[in-house]
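Novice: Next up is a structure, given as structure tokens.
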Amino acid sequence: MGDAVRTSRTDTRAAIVDAAASLLREKGPGAVTTRGVAERAGVQAPTIYRLFGDKDGLLEAVAEHVMAAFVSDKAASVAAAAATDVDPLDDLRASWHKQIEFGLANPAIFRLLSDPERVRDSPAARRGKEILETRVRRLAAAGRLRVPEPHAVDLIQAAGVGTVQTLLATAQEQRDPALGEAMMDAVLGRILTDAPARTPDGPLTSAVALRAHAPHLEMLSEPERLLLVEWLDRIADPTGTNAEATSAASPRRPQRRT
């Protein structure tokens, strides 16, 4: 396939996705018909089947496209916050509000990507979680986290999805405008210490903070860093509740030879 043909195919695909995204945003999933999308994109209906297989394939491509653009903005935001030393809690709150606003502004996209099957296969959703993990790690490094990082990420994600679902299920005129802020406060009350300097949870808070820095302690050898991470994970999560998530996020420690 020549470059010109590949470029034409890419342009056609982008035009179809843009057209379907517009219809989805304006009128909902019912408006995303093959005929309607083809007319708006200026293509023949068989082209859609050839590129996307069926309507579900097209909807998944649209959801991924919209979510990828949103996640790209989030990635730029967290990078800027880290570079300019923005308070990690302020950064997390701002990101939370943007996430709620995105879900309410794009209900069809939100519902598509709330499907566990679709989320597992979505690069944009995975990237979005990685960005949230970065924000939580900044909190941990600042000594603000009282729970293991994976647990904090799960709580924030669950609260965010639940908040948007509850608001979308409520008539717009009856929605509680303070629900998002109240949910954020509830989660923060569960995962945060009172203040960086007070460390009321003693070794647990200190372990969570040091765990955020441990992979980057270049004065230690790699086996030493891995062993330190293992110890800190056990201190931060003595019951082993998040052992599986933590193990997946950490490199495996090499076996000692005897």
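For the structure tokens, the naming scheme is as follows: chains receive sequential letters (A, B, ...) according to their order of presentation, residues are indexed from 1 within each chain, and ligands are indexed from 1 in presentation order.
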Using only C-alpha atoms, which residues sit within 12 Å of region 92-96 of chain A once same-chain residues fewer than 2 positions away are excluded, as a PDB file with N, CA and C atoms, in the first residue's frame?

Specialist:
ATOM      1  N   PHE A  70      -8.826  13.686  25.718  1.00  0.00           N
ATOM      2  CA  PHE A  70      -8.987  14.155  27.096  1.00  0.00           C
ATOM      3  C   PHE A  70      -7.800  13.730  27.955  1.00  0.00           C
ATOM      4  N   VAL A  71      -7.367  12.489  27.805  1.00  0.00           N
ATOM      5  CA  VAL A  71      -6.245  11.975  28.582  1.00  0.00           C
ATOM      6  C   VAL A  71      -4.955  12.702  28.222  1.00  0.00           C
ATOM      7  N   ASP A  73      -4.675  15.808  27.418  1.00  0.00           N
ATOM      8  CA  ASP A  73      -4.708  17.059  28.175  1.00  0.00           C
ATOM      9  C   ASP A  73      -4.353  16.825  29.639  1.00  0.00           C
ATOM     10  N   LYS A  74      -4.834  15.721  30.205  1.00  0.00           N
ATOM     11  CA  LYS A  74      -4.530  15.398  31.591  1.00  0.00           C
ATOM     12  C   LYS A  74      -3.040  15.128  31.782  1.00  0.00           C
ATOM     13  N   ALA A  75      -2.438  14.449  30.822  1.00  0.00           N
ATOM     14  CA  ALA A  75      -1.012  14.160  30.910  1.00  0.00           C
ATOM     15  C   ALA A  75      -0.201  15.451  30.885  1.00  0.00           C
ATOM     16  N   ALA A  76      -0.587  16.380  30.015  1.00  0.00           N
ATOM     17  CA  ALA A  76       0.109  17.665  29.956  1.00  0.00           C
ATOM     18  C   ALA A  76      -0.073  18.434  31.261  1.00  0.00           C
ATOM     19  N   SER A  77      -1.264  18.324  31.844  1.00  0.00           N
ATOM     20  CA  SER A  77      -1.560  19.038  33.083  1.00  0.00           C
ATOM     21  C   SER A  77      -0.723  18.527  34.245  1.00  0.00           C
ATOM     22  N   VAL A  78      -0.623  17.201  34.390  1.00  0.00           N
ATOM     23  CA  VAL A  78       0.141  16.663  35.520  1.00  0.00           C
ATOM     24  C   VAL A  78       1.630  16.921  35.331  1.00  0.00           C
ATOM     25  N   ALA A  81       2.140  20.489  36.356  1.00  0.00           N
ATOM     26  CA  ALA A  81       2.026  20.624  37.811  1.00  0.00           C
ATOM     27  C   ALA A  81       3.299  20.163  38.498  1.00  0.00           C
ATOM     28  N   ALA A  82       3.875  19.064  38.019  1.00  0.00           N
ATOM     29  CA  ALA A  82       5.109  18.566  38.611  1.00  0.00           C
ATOM     30  C   ALA A  82       6.271  19.514  38.323  1.00  0.00           C
ATOM     31  N   VAL A  86       3.377  22.560  41.641  1.00  0.00           N
ATOM     32  CA  VAL A  86       2.022  22.828  42.126  1.00  0.00           C
ATOM     33  C   VAL A  86       1.706  21.861  43.260  1.00  0.00           C
ATOM     34  N   ASP A  87       1.032  22.340  44.292  1.00  0.00           N
ATOM     35  CA  ASP A  87       0.660  21.474  45.404  1.00  0.00           C
ATOM     36  C   ASP A  87      -0.067  20.239  44.872  1.00  0.00           C
ATOM     37  N   PRO A  88       0.385  19.022  45.228  1.00  0.00           N
ATOM     38  CA  PRO A  88      -0.227  17.811  44.662  1.00  0.00           C
ATOM     39  C   PRO A  88      -1.698  17.653  45.011  1.00  0.00           C
ATOM     40  N   LEU A  89      -2.109  18.164  46.167  1.00  0.00           N
ATOM     41  CA  LEU A  89      -3.520  18.070  46.533  1.00  0.00           C
ATOM     42  C   LEU A  89      -4.363  19.001  45.667  1.00  0.00           C
ATOM     43  N   ASP A  90      -3.872  20.214  45.425  1.00  0.00           N
ATOM     44  CA  ASP A  90      -4.586  21.138  44.541  1.00  0.00           C
ATOM     45  C   ASP A  90      -4.694  20.554  43.139  1.00  0.00           C
ATOM     46  N   LYS A  98     -12.316  18.195  36.655  1.00  0.00           N
ATOM     47  CA  LYS A  98     -12.315  18.058  35.203  1.00  0.00           C
ATOM     48  C   LYS A  98     -12.879  16.700  34.784  1.00  0.00           C
ATOM     49  N   GLN A  99     -12.564  15.660  35.556  1.00  0.00           N
ATOM     50  CA  GLN A  99     -13.060  14.326  35.236  1.00  0.00           C
ATOM     51  C   GLN A  99     -14.580  14.268  35.364  1.00  0.00           C
ATOM     52  N   ILE A 100     -15.111  14.854  36.432  1.00  0.00           N
ATOM     53  CA  ILE A 100     -16.568  14.869  36.616  1.00  0.00           C
ATOM     54  C   ILE A 100     -17.228  15.666  35.493  1.00  0.00           C
ATOM     55  N   GLU A 101     -16.657  16.819  35.166  1.00  0.00           N
ATOM     56  CA  GLU A 101     -17.207  17.650  34.089  1.00  0.00           C
ATOM     57  C   GLU A 101     -17.185  16.905  32.756  1.00  0.00           C
ATOM     58  N   PHE A 102     -16.102  16.177  32.494  1.00  0.00           N
ATOM     59  CA  PHE A 102     -15.992  15.423  31.245  1.00  0.00           C
ATOM     60  C   PHE A 102     -17.086  14.356  31.172  1.00  0.00           C
ATOM     61  N   GLY A 103     -17.288  13.623  32.278  1.00  0.00           N
ATOM     62  CA  GLY A 103     -18.311  12.581  32.289  1.00  0.00           C
ATOM     63  C   GLY A 103     -19.703  13.124  32.052  1.00  0.00           C
ATOM     64  N   GLY A 128      -5.091   6.845  31.299  1.00  0.00           N
ATOM     65  CA  GLY A 128      -5.737   7.701  32.284  1.00  0.00           C
ATOM     66  C   GLY A 128      -5.450   7.234  33.703  1.00  0.00           C
ATOM     67  N   ILE A 131      -1.950   8.185  34.745  1.00  0.00           N
ATOM     68  CA  ILE A 131      -1.833   9.594  35.114  1.00  0.00           C
ATOM     69  C   ILE A 131      -2.351   9.807  36.535  1.00  0.00           C
ATOM     70  N   LEU A 132      -3.449   9.145  36.881  1.00  0.00           N
ATOM     71  CA  LEU A 132      -3.947   9.223  38.259  1.00  0.00           C
ATOM     72  C   LEU A 132      -2.914   8.658  39.225  1.00  0.00           C
ATOM     73  N   GLU A 133      -2.266   7.571  38.862  1.00  0.00           N
ATOM     74  CA  GLU A 133      -1.218   6.998  39.708  1.00  0.00           C
ATOM     75  C   GLU A 133      -0.085   7.987  39.919  1.00  0.00           C
ATOM     76  N   THR A 134       0.243   8.759  38.885  1.00  0.00           N
ATOM     77  CA  THR A 134       1.286   9.783  39.024  1.00  0.00           C
ATOM     78  C   THR A 134       0.865  10.846  40.025  1.00  0.00           C
ATOM     79  N   ARG A 135      -0.379  11.263  39.958  1.00  0.00           N
ATOM     80  CA  ARG A 135      -0.871  12.273  40.906  1.00  0.00           C
ATOM     81  C   ARG A 135      -0.853  11.740  42.337  1.00  0.00           C
ATOM     82  N   VAL A 136      -1.265  10.513  42.513  1.00  0.00           N
ATOM     83  CA  VAL A 136      -1.272   9.913  43.848  1.00  0.00           C
ATOM     84  C   VAL A 136       0.160   9.751  44.354  1.00  0.00           C
ATOM     85  N   ARG A 137       1.083   9.396  43.474  1.00  0.00           N
ATOM     86  CA  ARG A 137       2.487   9.254  43.880  1.00  0.00           C
ATOM     87  C   ARG A 137       3.056  10.587  44.348  1.00  0.00           C
ATOM     88  N   ARG A 138       2.646  11.672  43.737  1.00  0.00           N
ATOM     89  CA  ARG A 138       3.101  12.989  44.197  1.00  0.00           C
ATOM     90  C   ARG A 138       2.592  13.275  45.608  1.00  0.00           C
ATOM     91  N   LEU A 139       1.368  12.858  45.899  1.00  0.00           N
ATOM     92  CA  LEU A 139       0.852  13.010  47.265  1.00  0.00           C
ATOM     93  C   LEU A 139       1.670  12.177  48.246  1.00  0.00           C
ATOM     94  N   ALA A 152      -5.355   3.983  47.282  1.00  0.00           N
ATOM     95  CA  ALA A 152      -5.822   5.357  47.058  1.00  0.00           C
ATOM     96  C   ALA A 152      -6.326   5.535  45.633  1.00  0.00           C
ATOM     97  N   VAL A 153      -5.612   4.974  44.662  1.00  0.00           N
ATOM     98  CA  VAL A 153      -6.035   5.068  43.254  1.00  0.00           C
ATOM     99  C   VAL A 153      -7.396   4.403  43.061  1.00  0.00           C
ATOM    100  N   ILE A 156     -10.227   6.583  44.561  1.00  0.00           N
ATOM    101  CA  ILE A 156     -10.516   7.778  43.759  1.00  0.00           C
ATOM    102  C   ILE A 156     -11.271   7.400  42.485  1.00  0.00           C
ATOM    103  N   GLN A 157     -10.816   6.324  41.824  1.00  0.00           N
ATOM    104  CA  GLN A 157     -11.498   5.891  40.607  1.00  0.00           C
ATOM    105  C   GLN A 157     -12.938   5.475  40.882  1.00  0.00           C
ATOM    106  N   ALA A 158     -13.124   4.675  41.918  1.00  0.00           N
ATOM    107  CA  ALA A 158     -14.472   4.194  42.242  1.00  0.00           C
ATOM    108  C   ALA A 158     -15.399   5.355  42.584  1.00  0.00           C
ATOM    109  N   ALA A 159     -14.887   6.315  43.342  1.00  0.00           N
ATOM    110  CA  ALA A 159     -15.705   7.465  43.717  1.00  0.00           C
ATOM    111  C   ALA A 159     -16.050   8.315  42.498  1.00  0.00           C
ATOM    112  N   GLY A 160     -15.093   8.478  41.603  1.00  0.00           N
ATOM    113  CA  GLY A 160     -15.336   9.289  40.413  1.00  0.00           C
ATOM    114  C   GLY A 160     -16.386   8.671  39.504  1.00  0.00           C
ATOM    115  N   VAL A 161     -16.244   7.365  39.232  1.00  0.00           N
ATOM    116  CA  VAL A 161     -17.215   6.674  38.381  1.00  0.00           C
ATOM    117  C   VAL A 161     -18.596   6.704  39.029  1.00  0.00           C
ATOM    118  N   THR A 163     -19.813   8.838  41.198  1.00  0.00           N
ATOM    119  CA  THR A 163     -20.370  10.191  41.206  1.00  0.00           C
ATOM    120  C   THR A 163     -20.997  10.537  39.866  1.00  0.00           C
ATOM    121  N   VAL A 164     -20.272  10.263  38.788  1.00  0.00           N
ATOM    122  CA  VAL A 164     -20.799  10.582  37.455  1.00  0.00           C
ATOM    123  C   VAL A 164     -22.043   9.750  37.157  1.00  0.00           C
ATOM    124  N   GLY A 180     -20.083  16.137  43.828  1.00  0.00           N
ATOM    125  CA  GLY A 180     -18.708  15.847  43.446  1.00  0.00           C
ATOM    126  C   GLY A 180     -17.711  16.283  44.502  1.00  0.00           C
ATOM    127  N   GLU A 181     -17.887  17.504  45.020  1.00  0.00           N
ATOM    128  CA  GLU A 181     -16.984  18.022  46.047  1.00  0.00           C
ATOM    129  C   GLU A 181     -17.100  17.202  47.328  1.00  0.00           C
ATOM    130  N   ALA A 182     -18.320  16.808  47.701  1.00  0.00           N
ATOM    131  CA  ALA A 182     -18.520  16.014  48.912  1.00  0.00           C
ATOM    132  C   ALA A 182     -17.849  14.644  48.789  1.00  0.00           C
ATOM    133  N   MET A 183     -17.943  14.029  47.615  1.00  0.00           N
ATOM    134  CA  MET A 183     -17.303  12.732  47.410  1.00  0.00           C
ATOM    135  C   MET A 183     -15.781  12.855  47.457  1.00  0.00           C
ATOM    136  N   MET A 184     -15.256  13.925  46.873  1.00  0.00           N
ATOM    137  CA  MET A 184     -13.816  14.136  46.915  1.00  0.00           C
ATOM    138  C   MET A 184     -13.345  14.305  48.348  1.00  0.00           C
ATOM    139  N   ASP A 185     -14.084  15.088  49.137  1.00  0.00           N
ATOM    140  CA  ASP A 185     -13.721  15.296  50.544  1.00  0.00           C
ATOM    141  C   ASP A 185     -13.760  13.982  51.318  1.00  0.00           C
ATOM    142  N   VAL A 187     -13.285  10.908  50.145  1.00  0.00           N
ATOM    143  CA  VAL A 187     -12.139  10.083  49.764  1.00  0.00           C
ATOM    144  C   VAL A 187     -10.854  10.633  50.380  1.00  0.00           C
ATOM    145  N   LEU A 188     -10.680  11.936  50.308  1.00  0.00           N
ATOM    146  CA  LEU A 188      -9.466  12.541  50.865  1.00  0.00           C
ATOM    147  C   LEU A 188      -9.384  12.309  52.371  1.00  0.00           C
TER     148      LEU A 188
END

Novice: Report the distance between CA of Ala124 (chain A) and CA of Ala68 (chain A) in Å, rounded to one decimal place.

Specialist: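 Pair CA of Ala124 (chain A) / CA of Ala68 (chain A) returns 5.0 Å.
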
Novice: Between A:Arg25, A:Leu112, A:Asp154, A:Arg144, single out the one closest to Lys129 (chain A), counting only C-alpha atoms.

Specialist: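 Closest residue, counting only C-alpha atoms: A:Asp154.
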
Novice: For Asp121 (chain A), which residue out of A:Ala31, A:Ser8, A:Arg13, A:Glu60 is the nearest one, using only C-alpha atoms?

Specialist: A:Glu60

Novice: Go ahead and compute the interatomic distance for CA of Arg9 (chain A) and CA of Asp56 (chain A), in Å to one decimal.

Specialist: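 Between CA of Arg9 (chain A) and CA of Asp56 (chain A) the gap works out to 19.8 Å.
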
Novice: Would you mind telling me which residue in A:Ala171, A:Val66, A:Ala140, A:Leu23 lies nearest to Ala236 (chain A) when using only C-alpha atoms?

Specialist: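 Smallest separation from Ala236 (chain A) among the options: A:Ala140.
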
Novice: I'd like to know which of A:Ala209, A:Ile235, A:Leu113, A:Leu217 is closest to Ala61 (chain A), using only C-alpha atoms.

Specialist: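 Closest to Ala61 (chain A), using only C-alpha atoms: A:Leu113.
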
Novice: Might you pull out every residue within 12 Å of Glu26 (chain A), with only C-alpha atoms counted and same-chain residues fewer than 5 positions away left off, and present them as a PyMOL selection string?

Specialist: chain A and resi 19-21+31-32+105-109

Novice: With N, CA, C and O atoms retained, write the just-selected residues as a CSV table (one decimal), in the first residue's frame.

Specialist:
chain,number,residue,atom,x,y,z
A,19,ALA,N,-17.2,12.7,12.5
A,19,ALA,CA,-18.6,12.8,12.3
A,19,ALA,C,-19.4,12.0,13.3
A,19,ALA,O,-20.4,12.5,13.8
A,20,ALA,N,-19.0,10.8,13.6
A,20,ALA,CA,-19.7,10.0,14.6
A,20,ALA,C,-19.6,10.6,16.0
A,20,ALA,O,-20.6,10.6,16.7
A,21,ALA,N,-18.5,11.2,16.3
A,21,ALA,CA,-18.4,11.8,17.6
A,21,ALA,C,-19.3,13.0,17.7
A,21,ALA,O,-19.9,13.2,18.8
A,31,ALA,N,-28.4,8.2,17.4
A,31,ALA,CA,-28.2,8.9,16.1
A,31,ALA,C,-27.0,8.4,15.3
A,31,ALA,O,-26.8,8.8,14.2
A,32,VAL,N,-26.2,7.6,15.9
A,32,VAL,CA,-24.9,7.1,15.2
A,32,VAL,C,-25.3,5.9,14.4
A,32,VAL,O,-25.0,4.8,14.7
A,105,ALA,N,-20.4,16.0,30.5
A,105,ALA,CA,-20.5,16.6,29.2
A,105,ALA,C,-20.5,15.5,28.1
A,105,ALA,O,-21.0,15.8,27.0
A,106,ASN,N,-20.1,14.3,28.4
A,106,ASN,CA,-20.0,13.2,27.4
A,106,ASN,C,-20.6,11.9,28.0
A,106,ASN,O,-19.9,10.9,28.1
A,107,PRO,N,-21.9,12.0,28.2
A,107,PRO,CA,-22.5,10.8,28.9
A,107,PRO,C,-22.4,9.5,28.1
A,107,PRO,O,-22.2,8.4,28.6
A,108,ALA,N,-22.6,9.6,26.8
A,108,ALA,CA,-22.5,8.4,25.9
A,108,ALA,C,-21.1,7.8,26.0
A,108,ALA,O,-20.9,6.6,26.1
A,109,ILE,N,-20.1,8.7,25.9
A,109,ILE,CA,-18.7,8.2,25.9
A,109,ILE,C,-18.4,7.6,27.3
A,109,ILE,O,-17.8,6.6,27.4

Novice: Quick one: DSSP helix (DSSP H, G or I) residues in region 36-205 of chain A, as an NGL selection string?

Specialist: :A and (36-41 or 45-52 or 55-83 or 88-105 or 107-113 or 116-120 or 123-141 or 149-168 or 172-174 or 179-191 or 203-205)

Novice: Please tabulate, as CSV, the residues of region 92-200 of chain A that come within 12 Å of region 229-234 of chain A, each with its closest pair of atoms and the distance in Å to one decimal, counting only C-alpha atoms and ordering rows by chain, then residue number upward.

Specialist:
residue,atom,partner,partner_atom,distance
A:Val147,CA,A:Asp233,CA,10.4
A:Pro148,CA,A:Asp233,CA,7.6
A:Glu149,CA,A:Asp233,CA,9.8
A:Pro150,CA,A:Asp233,CA,10.7
A:His151,CA,A:Asp233,CA,11.9

Novice: Calculate how many Å separate CA of Gly162 (chain A) from CA of Ala186 (chain A), rounding to one decimal.

Specialist: 13.0 Å
